[in-house]
$ cat final21.cif   # mmCIF, C-alpha atoms
data_final
loop_
_atom_site.group_PDB
_atom_site.id
_atom_site.type_symbol
_atom_site.label_atom_id
_atom_site.label_comp_id
_atom_site.auth_asym_id
_atom_site.auth_seq_id
_atom_site.Cartn_x
_atom_site.Cartn_y
_atom_site.Cartn_z
ATOM 1 C CA MET T 1 -35.006 30.751 -70.766
ATOM 2 C CA GLY T 2 -38.785 30.564 -70.532
ATOM 3 C CA ARG T 3 -39.429 33.943 -72.129
ATOM 4 C CA ASP T 4 -42.364 34.521 -74.459
ATOM 5 C CA PHE T 5 -41.104 36.927 -77.118
ATOM 6 C CA LYS T 6 -44.325 36.596 -79.129
ATOM 7 C CA LYS T 7 -46.589 38.162 -76.541
ATOM 8 C CA THR T 8 -48.142 41.540 -77.224
ATOM 9 C CA ARG T 9 -47.545 44.741 -75.372
ATOM 10 C CA THR T 10 -49.989 45.629 -72.611
ATOM 11 C CA PRO T 11 -50.627 48.930 -70.842
ATOM 12 C CA ASP T 12 -48.483 49.628 -67.797
ATOM 13 C CA LYS T 13 -50.259 48.682 -64.565
ATOM 14 C CA MET T 14 -48.380 51.326 -62.571
ATOM 15 C CA SER T 15 -48.819 55.046 -62.616
ATOM 16 C CA LYS T 16 -46.033 57.094 -64.207
ATOM 17 C CA GLU T 17 -45.026 58.422 -60.789
ATOM 18 C CA ARG T 18 -44.806 54.935 -59.245
ATOM 19 C CA ARG T 19 -42.881 53.591 -62.239
ATOM 20 C CA SER T 20 -40.463 56.532 -62.037
ATOM 21 C CA THR T 21 -39.854 55.928 -58.328
ATOM 22 C CA LEU T 22 -39.233 52.246 -58.990
ATOM 23 C CA MET T 23 -36.814 52.905 -61.867
ATOM 24 C CA GLN T 24 -34.800 55.367 -59.752
ATOM 25 C CA LYS T 25 -33.972 52.523 -57.351
ATOM 26 C CA ILE T 26 -32.195 50.520 -60.039
ATOM 27 C CA ARG T 27 -28.436 50.764 -59.548
ATOM 28 C CA SER T 28 -25.918 50.765 -62.369
ATOM 29 C CA ARG T 29 -23.118 49.284 -60.274
ATOM 30 C CA ASN T 30 -22.633 47.264 -57.108
ATOM 31 C CA THR T 31 -25.721 45.228 -57.884
ATOM 32 C CA ASN T 32 -26.212 41.963 -56.002
ATOM 33 C CA LEU T 33 -25.209 39.975 -59.078
ATOM 34 C CA GLU T 34 -22.086 42.069 -59.579
ATOM 35 C CA THR T 35 -20.911 42.071 -55.947
ATOM 36 C CA SER T 36 -21.473 38.321 -55.697
ATOM 37 C CA PHE T 37 -19.460 37.706 -58.866
ATOM 38 C CA ILE T 38 -16.633 40.037 -57.816
ATOM 39 C CA GLY T 39 -16.451 38.320 -54.408
ATOM 40 C CA ASP T 40 -16.172 34.902 -56.071
ATOM 41 C CA LEU T 41 -13.596 36.273 -58.507
ATOM 42 C CA ARG T 42 -11.432 37.580 -55.634
ATOM 43 C CA GLU T 43 -11.542 34.133 -53.995
ATOM 44 C CA ASN T 44 -10.603 32.238 -57.164
ATOM 45 C CA ILE T 45 -8.209 34.491 -59.094
ATOM 46 C CA ASP T 46 -4.653 35.209 -57.993
ATOM 47 C CA GLY T 47 -4.300 38.481 -59.893
ATOM 48 C CA ASP T 48 -5.034 41.938 -58.542
ATOM 49 C CA PHE T 49 -7.865 43.872 -60.102
ATOM 50 C CA GLN T 50 -9.831 47.061 -59.671
ATOM 51 C CA THR T 51 -13.522 47.668 -60.137
ATOM 52 C CA HIS T 52 -15.334 50.484 -61.941
ATOM 53 C CA VAL T 53 -12.238 52.134 -63.357
ATOM 54 C CA ARG T 54 -13.324 55.566 -64.530
ATOM 55 C CA ASP T 55 -10.002 56.284 -66.230
ATOM 56 C CA LEU T 56 -10.833 53.750 -68.934
ATOM 57 C CA ARG T 57 -13.447 54.450 -71.563
ATOM 58 C CA GLY T 58 -16.689 52.672 -70.739
ATOM 59 C CA THR T 59 -15.819 52.329 -67.030
ATOM 60 C CA PRO T 60 -15.231 48.564 -67.090
ATOM 61 C CA ASP T 61 -16.650 46.617 -64.160
ATOM 62 C CA ILE T 62 -13.377 44.746 -63.584
ATOM 63 C CA VAL T 63 -9.877 45.711 -64.747
ATOM 64 C CA PHE T 64 -6.668 43.692 -64.579
ATOM 65 C CA ASP T 65 -4.368 46.588 -65.364
ATOM 66 C CA GLY T 66 -1.110 44.622 -65.477
ATOM 67 C CA GLN T 67 -2.436 42.272 -68.160
ATOM 68 C CA LYS T 68 -4.567 44.889 -69.925
ATOM 69 C CA VAL T 69 -7.728 42.816 -69.488
ATOM 70 C CA CYS T 70 -11.072 44.411 -68.748
ATOM 71 C CA VAL T 71 -14.366 42.704 -68.004
ATOM 72 C CA PHE T 72 -17.879 44.046 -68.500
ATOM 73 C CA LEU T 73 -20.867 42.449 -66.770
ATOM 74 C CA ASP T 74 -23.811 43.385 -68.984
ATOM 75 C CA SER T 75 -27.414 43.331 -67.812
ATOM 76 C CA ASP T 76 -29.673 41.395 -70.181
ATOM 77 C CA PHE T 77 -32.237 44.203 -70.239
ATOM 78 C CA TRP T 78 -30.147 47.386 -70.167
ATOM 79 C CA HIS T 79 -27.608 46.130 -72.686
ATOM 80 C CA GLY T 80 -30.210 44.455 -74.882
ATOM 81 C CA TRP T 81 -29.521 40.729 -74.989
ATOM 82 C CA GLN T 82 -31.466 39.480 -78.043
ATOM 83 C CA TYR T 83 -32.999 42.945 -78.233
ATOM 84 C CA PRO T 84 -34.468 42.600 -81.738
ATOM 85 C CA ARG T 85 -36.655 39.756 -80.444
ATOM 86 C CA TRP T 86 -38.338 41.809 -77.714
ATOM 87 C CA LYS T 87 -38.013 45.492 -78.583
ATOM 88 C CA HIS T 88 -41.644 45.537 -79.738
ATOM 89 C CA LEU T 89 -42.687 44.903 -76.118
ATOM 90 C CA LEU T 90 -41.273 48.191 -74.840
ATOM 91 C CA LYS T 91 -43.892 50.739 -73.859
ATOM 92 C CA ASP T 92 -42.470 53.777 -75.631
ATOM 93 C CA ASP T 93 -39.644 55.110 -77.771
ATOM 94 C CA PHE T 94 -37.690 56.354 -74.754
ATOM 95 C CA TRP T 95 -36.757 52.801 -73.698
ATOM 96 C CA ARG T 96 -36.058 51.653 -77.260
ATOM 97 C CA GLN T 97 -33.730 54.610 -77.801
ATOM 98 C CA LYS T 98 -32.025 54.066 -74.430
ATOM 99 C CA ILE T 99 -31.268 50.400 -75.077
ATOM 100 C CA GLU T 100 -30.214 51.026 -78.677
ATOM 101 C CA LYS T 101 -27.869 53.764 -77.468
ATOM 102 C CA ASN T 102 -26.415 51.405 -74.835
ATOM 103 C CA ARG T 103 -25.826 48.678 -77.426
ATOM 104 C CA LYS T 104 -24.133 51.101 -79.805
ATOM 105 C CA ARG T 105 -21.972 52.519 -77.003
ATOM 106 C CA ASP T 106 -20.943 48.984 -75.951
ATOM 107 C CA LYS T 107 -19.702 48.234 -79.479
ATOM 108 C CA VAL T 108 -17.801 51.531 -79.739
ATOM 109 C CA VAL T 109 -16.183 51.090 -76.309
ATOM 110 C CA THR T 110 -15.157 47.493 -77.075
ATOM 111 C CA GLN T 111 -13.568 48.520 -80.388
ATOM 112 C CA TYR T 112 -11.799 51.486 -78.795
ATOM 113 C CA LEU T 113 -10.317 49.413 -75.972
ATOM 114 C CA ARG T 114 -9.229 46.598 -78.295
ATOM 115 C CA LYS T 115 -7.483 49.096 -80.571
ATOM 116 C CA GLY T 116 -5.686 50.347 -77.462
ATOM 117 C CA GLY T 117 -4.317 46.856 -76.798
ATOM 118 C CA TRP T 118 -6.870 45.745 -74.211
ATOM 119 C CA LYS T 119 -8.414 42.292 -74.106
ATOM 120 C CA VAL T 120 -12.121 42.958 -73.609
ATOM 121 C CA LEU T 121 -14.365 40.300 -72.067
ATOM 122 C CA ARG T 122 -18.135 40.802 -71.942
ATOM 123 C CA TYR T 123 -20.520 38.547 -70.083
ATOM 124 C CA TRP T 124 -24.305 38.644 -70.004
ATOM 125 C CA GLU T 125 -26.290 38.584 -66.790
ATOM 126 C CA HIS T 126 -27.909 35.235 -67.667
ATOM 127 C CA GLN T 127 -24.461 33.702 -68.263
ATOM 128 C CA LEU T 128 -23.344 34.800 -64.784
ATOM 129 C CA LYS T 129 -26.459 33.322 -63.206
ATOM 130 C CA LYS T 130 -26.162 30.061 -65.125
ATOM 131 C CA ASP T 131 -22.463 29.232 -64.854
ATOM 132 C CA LYS T 132 -20.389 31.660 -62.826
ATOM 133 C CA SER T 133 -17.571 29.156 -62.270
ATOM 134 C CA SER T 134 -16.953 28.683 -66.014
ATOM 135 C CA ILE T 135 -16.741 32.443 -66.484
ATOM 136 C CA ILE T 136 -14.235 32.765 -63.643
ATOM 137 C CA LYS T 137 -12.223 29.912 -65.154
ATOM 138 C CA GLY T 138 -12.321 31.654 -68.556
ATOM 139 C CA ILE T 139 -11.085 34.914 -67.046
ATOM 140 C CA ASP T 140 -8.303 33.073 -65.232
ATOM 141 C CA GLU T 141 -7.214 31.339 -68.462
ATOM 142 C CA THR T 142 -7.245 34.674 -70.308
ATOM 143 C CA LEU T 143 -5.066 36.222 -67.610
ATOM 144 C CA LYS T 144 -2.596 33.335 -67.786
ATOM 145 C CA ARG T 145 -2.334 33.733 -71.572
ATOM 146 C CA THR T 146 -1.728 37.480 -71.326
ATOM 147 C CA ILE T 147 0.968 37.500 -68.659
ATOM 148 C CA THR T 148 3.985 39.323 -69.966
ATOM 149 C CA PRO T 149 7.019 37.056 -69.649
ATOM 150 C CA THR T 150 9.862 38.424 -67.565
ATOM 151 C CA ILE T 151 13.264 38.549 -69.149
ATOM 152 C CA SER T 152 16.144 37.269 -67.071
ATOM 153 C CA PHE T 153 19.735 38.172 -67.782
ATOM 154 C CA SER T 154 22.469 35.730 -66.890
ATOM 155 C CA LYS T 155 25.889 36.977 -65.860
#
$ encode --input "final21.cif" --output "structure tokens"
Amino acid sequence: MGRDFKKTRTPDKMSKERRSTLMQKIRSRNTNLETSFIGDLRENIDGDFQTHVRDLRGTPDIVFDGQKVCVFLDSDFWHGWQYPRWKHLLKDDFWRQKIEKNRKRDKVVTQYLRKGGWKVLRYWEHQLKKDKSSIIKGIDETLKRTITPTISFSK
């Protein structure tokens, strides 16, 4: 991916106030990546789904309620993809604690939903950028495998 995980930490070039203003602009949902993916999913999947369902623990990004399938689209940074390799680059303990808390919460939420009978799919940001069509195909195949067969009664 072209990342140098061996580099050393350097002082922040922005003031604390400027960094704070910049960080406040980061959205947790309806990001460009997410809206693009959801639009493509709507075009390529026959099933109905909802987004950002607050009634489910973890507020999954995409929920196929009828099949009990939920999808999380995880940011590489905020959810800590390969976090142990780059945590030393973070400026202070606040960010380390935040990402570690997110990773722990993701595991707990996934376990909770799976115990409740949900099929949980998690995709990393870099996976979405690299091969969105394969992910959509994988979701579609999962949905087809989880369709509850209808029972017909003959007279």
$ atom_distance --input "final21.cif" --atom1 "atom CA of T:Asp74" --atom2 "atom CA of T:Arg105"
12.3 Å
$ atom_distance --input "final21.cif" --atom1 "atom CA of T:Ile139" --atom2 "atom CA of T:Gln50"
14.3 Å
$ atom_distance --input "final21.cif" --atom1 "atom CA of T:Asn44" --atom2 "atom CA of T:Lys137"
8.5 Å
$ closest_residue --input "final21.cif" --among "T:Trp124, T:Phe64, T:Trp118, T:Trp95" --to "T:Gln82" --atoms "all atoms listed in the file"
T:Trp124
$ residues_around --input "final21.cif" --residues "stretch 133-136 of chain T" --least-positions-apart "4" --cutoff "8 Å" --atoms "only C-alpha atoms" --output "VMD selection string"
chain T and resid 41 44 to 45 128 140
$ resolve_selection --input "final21.cif" --expression "the PyMOL selection byres ((chain T and resi 48) around 12)" --output "ChimeraX atom specification"
/T:38,41-47,49-51,62-69,140,143
$ write_last_selection --input "final21.cif" --atoms "C-alpha atoms" --output "compact mmCIF listing (two decimals), in the frame of the given file"
# COMPACT_ATOMS: atom_id res chain seq x y z
CA ILE T 38 -16.63 40.04 -57.82
CA LEU T 41 -13.60 36.27 -58.51
CA ARG T 42 -11.43 37.58 -55.63
CA GLU T 43 -11.54 34.13 -54.00
CA ASN T 44 -10.60 32.24 -57.16
CA ILE T 45 -8.21 34.49 -59.09
CA ASP T 46 -4.65 35.21 -57.99
CA GLY T 47 -4.30 38.48 -59.89
CA PHE T 49 -7.86 43.87 -60.10
CA GLN T 50 -9.83 47.06 -59.67
CA THR T 51 -13.52 47.67 -60.14
CA ILE T 62 -13.38 44.75 -63.58
CA VAL T 63 -9.88 45.71 -64.75
CA PHE T 64 -6.67 43.69 -64.58
CA ASP T 65 -4.37 46.59 -65.36
CA GLY T 66 -1.11 44.62 -65.48
CA GLN T 67 -2.44 42.27 -68.16
CA LYS T 68 -4.57 44.89 -69.92
CA VAL T 69 -7.73 42.82 -69.49
CA ASP T 140 -8.30 33.07 -65.23
CA LEU T 143 -5.07 36.22 -67.61
$ closest_residue --input "final21.cif" --among "T:Pro60, T:Gly80, T:Gly117, T:Gly39" --to "T:Lys104" --atoms "only C-alpha atoms"
T:Gly80
$ residues_around --input "final21.cif" --residues "T:Lys87" --least-positions-apart "6" --cutoff "10 Å" --atoms "only C-alpha atoms" --output "PyMOL selection string"
chain T and resi 5+80+93+95-96+99-100
$ resolve_selection --input "final21.cif" --expression "the PyMOL selection byres ((chain T and resi 55-59) around 10)" --output "short mmCIF file (atom, residue, chain, number, x, y, z; two decimals) with C-alpha atoms, in the coordinates of the input"
data_model
loop_
_atom_site.label_atom_id
_atom_site.label_comp_id
_atom_site.auth_asym_id
_atom_site.auth_seq_id
_atom_site.Cartn_x
_atom_site.Cartn_y
_atom_site.Cartn_z
CA THR T 51 -13.52 47.67 -60.14
CA HIS T 52 -15.33 50.48 -61.94
CA VAL T 53 -12.24 52.13 -63.36
CA ARG T 54 -13.32 55.57 -64.53
CA PRO T 60 -15.23 48.56 -67.09
CA ASP T 61 -16.65 46.62 -64.16
CA ILE T 62 -13.38 44.75 -63.58
CA VAL T 63 -9.88 45.71 -64.75
CA CYS T 70 -11.07 44.41 -68.75
CA VAL T 71 -14.37 42.70 -68.00
CA PHE T 72 -17.88 44.05 -68.50
CA ARG T 105 -21.97 52.52 -77.00
CA ASP T 106 -20.94 48.98 -75.95
CA VAL T 108 -17.80 51.53 -79.74
CA VAL T 109 -16.18 51.09 -76.31
CA THR T 110 -15.16 47.49 -77.08
CA TYR T 112 -11.80 51.49 -78.80
CA LEU T 113 -10.32 49.41 -75.97
#
$ closest_residue --input "final21.cif" --among "T:His126, T:His79, T:Lys144, T:Arg114" --to "T:Gln97" --atoms "only C-alpha atoms"
T:His79
$ decode --input "final21.cif" --residues "stretch 29-70 of chain T" --atoms "N, CA and C atoms" --output "PDB file, in the first residue's frame"
ATOM      1  N   ARG T  29     -20.431   9.188   9.316  1.00  0.00           N
ATOM      2  CA  ARG T  29     -21.285   8.493   8.351  1.00  0.00           C
ATOM      3  C   ARG T  29     -21.562   9.408   7.171  1.00  0.00           C
ATOM      4  N   ASN T  30     -22.082   8.780   6.108  1.00  0.00           N
ATOM      5  CA  ASN T  30     -22.332   9.490   4.851  1.00  0.00           C
ATOM      6  C   ASN T  30     -21.066  10.112   4.280  1.00  0.00           C
ATOM      7  N   THR T  31     -19.961   9.410   4.439  1.00  0.00           N
ATOM      8  CA  THR T  31     -18.712   9.846   3.824  1.00  0.00           C
ATOM      9  C   THR T  31     -18.802   9.584   2.322  1.00  0.00           C
ATOM     10  N   ASN T  32     -17.910  10.185   1.552  1.00  0.00           N
ATOM     11  CA  ASN T  32     -17.929   9.979   0.107  1.00  0.00           C
ATOM     12  C   ASN T  32     -17.767   8.495  -0.239  1.00  0.00           C
ATOM     13  N   LEU T  33     -16.863   7.833   0.438  1.00  0.00           N
ATOM     14  CA  LEU T  33     -16.629   6.412   0.199  1.00  0.00           C
ATOM     15  C   LEU T  33     -17.896   5.608   0.484  1.00  0.00           C
ATOM     16  N   GLU T  34     -18.534   5.906   1.595  1.00  0.00           N
ATOM     17  CA  GLU T  34     -19.730   5.185   2.006  1.00  0.00           C
ATOM     18  C   GLU T  34     -20.901   5.445   1.058  1.00  0.00           C
ATOM     19  N   THR T  35     -21.169   6.691   0.724  1.00  0.00           N
ATOM     20  CA  THR T  35     -22.304   6.995  -0.154  1.00  0.00           C
ATOM     21  C   THR T  35     -22.087   6.418  -1.550  1.00  0.00           C
ATOM     22  N   SER T  36     -20.863   6.430  -2.024  1.00  0.00           N
ATOM     23  CA  SER T  36     -20.554   5.835  -3.322  1.00  0.00           C
ATOM     24  C   SER T  36     -20.817   4.334  -3.293  1.00  0.00           C
ATOM     25  N   PHE T  37     -20.359   3.666  -2.232  1.00  0.00           N
ATOM     26  CA  PHE T  37     -20.548   2.227  -2.118  1.00  0.00           C
ATOM     27  C   PHE T  37     -22.032   1.875  -2.008  1.00  0.00           C
ATOM     28  N   ILE T  38     -22.762   2.610  -1.184  1.00  0.00           N
ATOM     29  CA  ILE T  38     -24.188   2.339  -0.992  1.00  0.00           C
ATOM     30  C   ILE T  38     -24.953   2.552  -2.301  1.00  0.00           C
ATOM     31  N   GLY T  39     -24.582   3.584  -3.059  1.00  0.00           N
ATOM     32  CA  GLY T  39     -25.212   3.811  -4.367  1.00  0.00           C
ATOM     33  C   GLY T  39     -24.970   2.637  -5.310  1.00  0.00           C
ATOM     34  N   ASP T  40     -23.740   2.153  -5.363  1.00  0.00           N
ATOM     35  CA  ASP T  40     -23.416   1.000  -6.212  1.00  0.00           C
ATOM     36  C   ASP T  40     -24.140  -0.256  -5.725  1.00  0.00           C
ATOM     37  N   LEU T  41     -24.257  -0.400  -4.415  1.00  0.00           N
ATOM     38  CA  LEU T  41     -24.940  -1.556  -3.846  1.00  0.00           C
ATOM     39  C   LEU T  41     -26.420  -1.543  -4.252  1.00  0.00           C
ATOM     40  N   ARG T  42     -27.055  -0.379  -4.178  1.00  0.00           N
ATOM     41  CA  ARG T  42     -28.468  -0.262  -4.565  1.00  0.00           C
ATOM     42  C   ARG T  42     -28.668  -0.643  -6.040  1.00  0.00           C
ATOM     43  N   GLU T  43     -27.713  -0.295  -6.882  1.00  0.00           N
ATOM     44  CA  GLU T  43     -27.818  -0.597  -8.312  1.00  0.00           C
ATOM     45  C   GLU T  43     -27.618  -2.083  -8.612  1.00  0.00           C
ATOM     46  N   ASN T  44     -26.870  -2.782  -7.767  1.00  0.00           N
ATOM     47  CA  ASN T  44     -26.460  -4.150  -8.088  1.00  0.00           C
ATOM     48  C   ASN T  44     -27.058  -5.244  -7.217  1.00  0.00           C
ATOM     49  N   ILE T  45     -27.793  -4.875  -6.187  1.00  0.00           N
ATOM     50  CA  ILE T  45     -28.391  -5.864  -5.283  1.00  0.00           C
ATOM     51  C   ILE T  45     -29.907  -5.739  -5.374  1.00  0.00           C
ATOM     52  N   ASP T  46     -30.581  -6.874  -5.458  1.00  0.00           N
ATOM     53  CA  ASP T  46     -32.042  -6.852  -5.546  1.00  0.00           C
ATOM     54  C   ASP T  46     -32.720  -6.609  -4.199  1.00  0.00           C
ATOM     55  N   GLY T  47     -32.081  -7.003  -3.117  1.00  0.00           N
ATOM     56  CA  GLY T  47     -32.709  -6.912  -1.805  1.00  0.00           C
ATOM     57  C   GLY T  47     -32.844  -5.493  -1.281  1.00  0.00           C
ATOM     58  N   ASP T  48     -33.818  -5.321  -0.393  1.00  0.00           N
ATOM     59  CA  ASP T  48     -34.009  -4.035   0.279  1.00  0.00           C
ATOM     60  C   ASP T  48     -33.089  -3.968   1.488  1.00  0.00           C
ATOM     61  N   PHE T  49     -32.561  -2.793   1.741  1.00  0.00           N
ATOM     62  CA  PHE T  49     -31.736  -2.611   2.924  1.00  0.00           C
ATOM     63  C   PHE T  49     -31.894  -1.208   3.468  1.00  0.00           C
ATOM     64  N   GLN T  50     -31.514  -1.072   4.724  1.00  0.00           N
ATOM     65  CA  GLN T  50     -31.524   0.231   5.394  1.00  0.00           C
ATOM     66  C   GLN T  50     -30.092   0.603   5.739  1.00  0.00           C
ATOM     67  N   THR T  51     -29.869   1.869   5.970  1.00  0.00           N
ATOM     68  CA  THR T  51     -28.542   2.317   6.378  1.00  0.00           C
ATOM     69  C   THR T  51     -28.599   2.918   7.771  1.00  0.00           C
ATOM     70  N   HIS T  52     -27.511   2.782   8.491  1.00  0.00           N
ATOM     71  CA  HIS T  52     -27.321   3.373   9.822  1.00  0.00           C
ATOM     72  C   HIS T  52     -28.479   3.064  10.770  1.00  0.00           C
ATOM     73  N   VAL T  53     -28.712   1.783  10.966  1.00  0.00           N
ATOM     74  CA  VAL T  53     -29.826   1.339  11.797  1.00  0.00           C
ATOM     75  C   VAL T  53     -29.449   1.447  13.270  1.00  0.00           C
ATOM     76  N   ARG T  54     -30.037   2.416  13.932  1.00  0.00           N
ATOM     77  CA  ARG T  54     -29.705   2.680  15.335  1.00  0.00           C
ATOM     78  C   ARG T  54     -30.294   1.659  16.298  1.00  0.00           C
ATOM     79  N   ASP T  55     -31.293   0.914  15.840  1.00  0.00           N
ATOM     80  CA  ASP T  55     -31.919  -0.092  16.701  1.00  0.00           C
ATOM     81  C   ASP T  55     -31.018  -1.295  16.932  1.00  0.00           C
ATOM     82  N   LEU T  56     -30.022  -1.472  16.093  1.00  0.00           N
ATOM     83  CA  LEU T  56     -29.089  -2.582  16.243  1.00  0.00           C
ATOM     84  C   LEU T  56     -27.811  -2.100  16.901  1.00  0.00           C
ATOM     85  N   ARG T  57     -27.296  -2.909  17.793  1.00  0.00           N
ATOM     86  CA  ARG T  57     -26.055  -2.562  18.485  1.00  0.00           C
ATOM     87  C   ARG T  57     -24.935  -2.323  17.465  1.00  0.00           C
ATOM     88  N   GLY T  58     -24.221  -1.255  17.642  1.00  0.00           N
ATOM     89  CA  GLY T  58     -23.119  -0.906  16.755  1.00  0.00           C
ATOM     90  C   GLY T  58     -23.513  -0.031  15.586  1.00  0.00           C
ATOM     91  N   THR T  59     -24.813   0.204  15.400  1.00  0.00           N
ATOM     92  CA  THR T  59     -25.351   0.981  14.287  1.00  0.00           C
ATOM     93  C   THR T  59     -24.682   0.578  12.975  1.00  0.00           C
ATOM     94  N   PRO T  60     -25.005  -0.614  12.474  1.00  0.00           N
ATOM     95  CA  PRO T  60     -24.392  -1.063  11.217  1.00  0.00           C
ATOM     96  C   PRO T  60     -24.643  -0.079  10.079  1.00  0.00           C
ATOM     97  N   ASP T  61     -23.686  -0.001   9.163  1.00  0.00           N
ATOM     98  CA  ASP T  61     -23.813   0.907   8.027  1.00  0.00           C
ATOM     99  C   ASP T  61     -24.916   0.459   7.076  1.00  0.00           C
ATOM    100  N   ILE T  62     -25.045  -0.862   6.894  1.00  0.00           N
ATOM    101  CA  ILE T  62     -26.031  -1.420   5.973  1.00  0.00           C
ATOM    102  C   ILE T  62     -26.672  -2.626   6.648  1.00  0.00           C
ATOM    103  N   VAL T  63     -28.008  -2.700   6.588  1.00  0.00           N
ATOM    104  CA  VAL T  63     -28.720  -3.817   7.220  1.00  0.00           C
ATOM    105  C   VAL T  63     -29.752  -4.388   6.253  1.00  0.00           C
ATOM    106  N   PHE T  64     -29.645  -5.692   6.026  1.00  0.00           N
ATOM    107  CA  PHE T  64     -30.648  -6.452   5.284  1.00  0.00           C
ATOM    108  C   PHE T  64     -31.450  -7.191   6.349  1.00  0.00           C
ATOM    109  N   ASP T  65     -32.504  -6.551   6.809  1.00  0.00           N
ATOM    110  CA  ASP T  65     -33.253  -7.042   7.960  1.00  0.00           C
ATOM    111  C   ASP T  65     -33.879  -8.412   7.711  1.00  0.00           C
ATOM    112  N   GLY T  66     -34.448  -8.612   6.531  1.00  0.00           N
ATOM    113  CA  GLY T  66     -35.115  -9.874   6.226  1.00  0.00           C
ATOM    114  C   GLY T  66     -34.190 -11.077   6.285  1.00  0.00           C
ATOM    115  N   GLN T  67     -32.928 -10.885   5.923  1.00  0.00           N
ATOM    116  CA  GLN T  67     -31.961 -11.983   5.936  1.00  0.00           C
ATOM    117  C   GLN T  67     -31.062 -11.966   7.167  1.00  0.00           C
ATOM    118  N   LYS T  68     -31.257 -10.983   8.015  1.00  0.00           N
ATOM    119  CA  LYS T  68     -30.422 -10.804   9.213  1.00  0.00           C
ATOM    120  C   LYS T  68     -28.931 -10.730   8.842  1.00  0.00           C
ATOM    121  N   VAL T  69     -28.645  -9.840   7.885  1.00  0.00           N
ATOM    122  CA  VAL T  69     -27.271  -9.589   7.462  1.00  0.00           C
ATOM    123  C   VAL T  69     -26.983  -8.117   7.692  1.00  0.00           C
ATOM    124  N   CYS T  70     -25.878  -7.837   8.371  1.00  0.00           N
ATOM    125  CA  CYS T  70     -25.478  -6.441   8.536  1.00  0.00           C
ATOM    126  C   CYS T  70     -24.038  -6.261   8.078  1.00  0.00           C
TER     127      CYS T  70
END
